[in-house]
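This report concerns only the one structure given below.
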Amino acid sequence: MWSLPLDLIVQELLLHSDNDITEVLFRHVAIAAGRPGSSADAAVAVQARLETLGLWTAGMRLDDGSGLSRGNLVTPRALAKAIALSLSDPTYRAIATGLPTAAADGTLGGRFDDPVTEGAGRGVVRAKTGTLTGVHSVNGFTRTADGAVVAFAFVANDVVANGDLAARDWLERVAAATTACGCA
């Protein structure tokens with residue numbers, strides 16, 4: 001049986017934040033490492049791969065592949081480093097090319113909607129969103145006003161009840177401000 005190439009699958013899951021595809025790939029990492037395809041085996045295999053890539057730090061934890069488990073712990077630095085790796089190593093290019101574009105497609109299609117505070121990011125920010133009750137994130141890259149490419153990961157933890165939209169707007173404004181800066 002044949003499937004789409006892995007890079008196209010990764011692009012699709014990132015564009016639409018498809019948790020089912022992510023869970024399947026998570027388990028396939030375990031199988032590729034010669035382990036059974038359980039979530040526990042996948043967590044061990046993914047951690048080993050991230051350690052090899054220099055993307056794992058003490059205190060991080062993976063319970064699932066989708067990021068929906070409250071037991072998952074990852075640092076913004078590790079997320080930003082993963083994006084930077086996707087920009088510099090063709091092996092991981094599908095991550096960078098699969099990220100939605102602000103105000104254009106995927107999970108960012110309806111976001112960055114305030115032209116005054118978020119306008120600089122429209123069509124320029126490429127990022128993956130993350131949403132759990134009380135936690136919001138945006139992780140990706142942008143080209144700054146002076147032409148530099150910047151990888152970023154912004155996370156809002158402990159978002160108060162009814163504060164979801166404010167947290168999302170804050171994340172979009174910070175990403176847009178990064179785009180507008182002369183950061184190089």
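Ordering of the structure tokens sets the chain letters (A, B, ...); residue numbers start at 1 within each chain; ligands are numbered from 1 in the order shown.
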| task | Step one, run DSSP on the backbone; step two, keep only residues of stretch 42-140 of chain A assigned to strand (DSSP E or B); then write them as a list in words. | result | Arg61, Leu73, Thr101, Arg126, Ala127, Lys128, Thr129, Gly130, Thr131, Leu132, Val135, His136, Ser137, Val138, Asn139 and Gly140 of chain A
Could you write those residues out with N, CA and C atoms, as a PDB file, in the first residue's frame?
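again-v7.pdb, written as the output of this step:
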ATOM      1  N   ARG A  61       8.376  16.834  28.572  1.00  0.00           N
ATOM      2  CA  ARG A  61       7.651  15.560  28.669  1.00  0.00           C
ATOM      3  C   ARG A  61       6.664  15.451  27.509  1.00  0.00           C
ATOM      4  N   LEU A  73       4.929  18.753  28.297  1.00  0.00           N
ATOM      5  CA  LEU A  73       5.669  19.944  28.707  1.00  0.00           C
ATOM      6  C   LEU A  73       6.796  20.163  27.707  1.00  0.00           C
ATOM      7  N   THR A 101      -0.128  30.473   6.886  1.00  0.00           N
ATOM      8  CA  THR A 101       0.274  31.862   6.701  1.00  0.00           C
ATOM      9  C   THR A 101      -0.784  32.765   7.314  1.00  0.00           C
ATOM     10  N   ARG A 126       4.378  32.847   9.422  1.00  0.00           N
ATOM     11  CA  ARG A 126       4.019  31.444   9.176  1.00  0.00           C
ATOM     12  C   ARG A 126       4.129  30.759  10.526  1.00  0.00           C
ATOM     13  N   ALA A 127       3.034  30.147  11.003  1.00  0.00           N
ATOM     14  CA  ALA A 127       3.075  29.612  12.364  1.00  0.00           C
ATOM     15  C   ALA A 127       2.037  28.524  12.614  1.00  0.00           C
ATOM     16  N   LYS A 128       2.327  27.722  13.602  1.00  0.00           N
ATOM     17  CA  LYS A 128       1.421  26.696  14.132  1.00  0.00           C
ATOM     18  C   LYS A 128       0.798  27.257  15.393  1.00  0.00           C
ATOM     19  N   THR A 129      -0.509  27.131  15.494  1.00  0.00           N
ATOM     20  CA  THR A 129      -1.199  27.553  16.704  1.00  0.00           C
ATOM     21  C   THR A 129      -1.301  26.377  17.664  1.00  0.00           C
ATOM     22  N   GLY A 130      -1.475  26.683  18.924  1.00  0.00           N
ATOM     23  CA  GLY A 130      -1.727  25.676  19.939  1.00  0.00           C
ATOM     24  C   GLY A 130      -2.768  26.211  20.900  1.00  0.00           C
ATOM     25  N   THR A 131      -3.766  25.395  21.200  1.00  0.00           N
ATOM     26  CA  THR A 131      -4.836  25.852  22.071  1.00  0.00           C
ATOM     27  C   THR A 131      -5.297  24.741  22.988  1.00  0.00           C
ATOM     28  N   LEU A 132      -5.236  24.995  24.270  1.00  0.00           N
ATOM     29  CA  LEU A 132      -5.851  24.179  25.316  1.00  0.00           C
ATOM     30  C   LEU A 132      -6.556  25.150  26.239  1.00  0.00           C
ATOM     31  N   VAL A 135      -4.383  27.814  27.868  1.00  0.00           N
ATOM     32  CA  VAL A 135      -3.056  27.880  27.246  1.00  0.00           C
ATOM     33  C   VAL A 135      -3.224  28.150  25.756  1.00  0.00           C
ATOM     34  N   HIS A 136      -2.494  29.144  25.260  1.00  0.00           N
ATOM     35  CA  HIS A 136      -2.498  29.455  23.830  1.00  0.00           C
ATOM     36  C   HIS A 136      -1.060  29.686  23.387  1.00  0.00           C
ATOM     37  N   SER A 137      -0.763  29.296  22.155  1.00  0.00           N
ATOM     38  CA  SER A 137       0.589  29.522  21.648  1.00  0.00           C
ATOM     39  C   SER A 137       0.564  29.750  20.153  1.00  0.00           C
ATOM     40  N   VAL A 138       1.628  30.341  19.688  1.00  0.00           N
ATOM     41  CA  VAL A 138       1.890  30.489  18.264  1.00  0.00           C
ATOM     42  C   VAL A 138       3.397  30.306  18.088  1.00  0.00           C
ATOM     43  N   ASN A 139       3.769  29.428  17.163  1.00  0.00           N
ATOM     44  CA  ASN A 139       5.150  29.006  17.012  1.00  0.00           C
ATOM     45  C   ASN A 139       5.469  28.953  15.523  1.00  0.00           C
ATOM     46  N   GLY A 140       6.454  29.733  15.091  1.00  0.00           N
ATOM     47  CA  GLY A 140       6.770  29.727  13.674  1.00  0.00           C
ATOM     48  C   GLY A 140       7.927  30.626  13.326  1.00  0.00           C
TER      49      GLY A 140
END
| said: Which residues are near stretch 97-100 of chain A? Cut-off 12 Å, only C-alpha atoms, ignore same chain within fewer than 2 positions. Put them as a ChimeraX atom specification. | reply: /A:6-18,83,86-87,90-95,102-112,122-129,138-142
| said: Residues within 9 Å of A:Val150, please, as an NGL selection string. Count only C-alpha atoms; anything in the same chain fewer than 4 positions from it doesn't count. | reply: :A and (84 or 140-144 or 178-179 or 183-184)
| field | Selection near A:Asp169, 10 Å with only C-alpha atoms, sequence-local residues under 2 positions removed, as a list in words | value |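 In the requested form, the answer reads Arg111, Phe112, Asp113, Asp114, Thr117, Glu118, Asp164, Leu165, Ala166, Ala167, Leu171, Glu172, Arg173, Val174 and Ala175 of chain A.
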| request: Run DSSP on the backbone of this structure and report the residues of stretch 82-153 of chain A it assigns to alpha helix (DSSP H), as a VMD selection string. | output: chain A and resid 82 to 88 93 to 98
| request: Go through A:Gly121, A:Gly134, A:Gly37, A:Gly163 one by one, measure the shortest atom-to-atom distance of each to A:Cys181 using only C-alpha atoms, and give the residue with the smallest value. | output: A:Gly121
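Residue nearest A:Gly119 within the list A:Ala145, A:Thr22, A:Arg70, A:Ala177: A:Ala177 [criterion: smallest interatomic distance, only C-alpha atoms].
From atom CA of A:Leu25 back to atom CA of A:Arg168, the distance works out to 27.6 Å.
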| field | Contact residues around stretch 28-33 of chain A with only C-alpha atoms at 7 Å, ignoring same-chain residues under 3 positions, as a ChimeraX atom specification | value | /A:24-25,36-37,41-42,45-46
For the residues in the current selection, export N, CA and C atoms as an mmCIF file, in the first residue's frame.
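Final file, result-v2.cif:
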data_model
loop_
_atom_site.group_PDB
_atom_site.id
_atom_site.type_symbol
_atom_site.label_atom_id
_atom_site.label_comp_id
_atom_site.auth_asym_id
_atom_site.auth_seq_id
_atom_site.Cartn_x
_atom_site.Cartn_y
_atom_site.Cartn_z
ATOM 1 N N VAL A 24 -0.943 9.456 14.509
ATOM 2 C CA VAL A 24 -0.476 8.338 13.690
ATOM 3 C C VAL A 24 1.029 8.464 13.440
ATOM 4 N N LEU A 25 1.482 9.648 13.057
ATOM 5 C CA LEU A 25 2.920 9.839 12.816
ATOM 6 C C LEU A 25 3.734 9.642 14.088
ATOM 7 N N PRO A 36 7.344 -1.109 19.544
ATOM 8 C CA PRO A 36 5.908 -1.206 19.268
ATOM 9 C C PRO A 36 5.323 0.200 19.090
ATOM 10 N N GLY A 37 4.162 0.291 18.501
ATOM 11 C CA GLY A 37 3.595 1.588 18.160
ATOM 12 C C GLY A 37 2.694 2.201 19.207
ATOM 13 N N ASP A 41 5.771 4.032 23.776
ATOM 14 C CA ASP A 41 6.939 3.767 22.938
ATOM 15 C C ASP A 41 7.253 4.955 22.042
ATOM 16 N N ALA A 42 6.204 5.595 21.538
ATOM 17 C CA ALA A 42 6.411 6.775 20.696
ATOM 18 C C ALA A 42 7.073 7.893 21.486
ATOM 19 N N ALA A 45 10.715 7.095 21.743
ATOM 20 C CA ALA A 45 11.406 7.235 20.458
ATOM 21 C C ALA A 45 11.534 8.701 20.045
ATOM 22 N N VAL A 46 10.480 9.479 20.236
ATOM 23 C CA VAL A 46 10.535 10.895 19.868
ATOM 24 C C VAL A 46 11.535 11.629 20.757
#
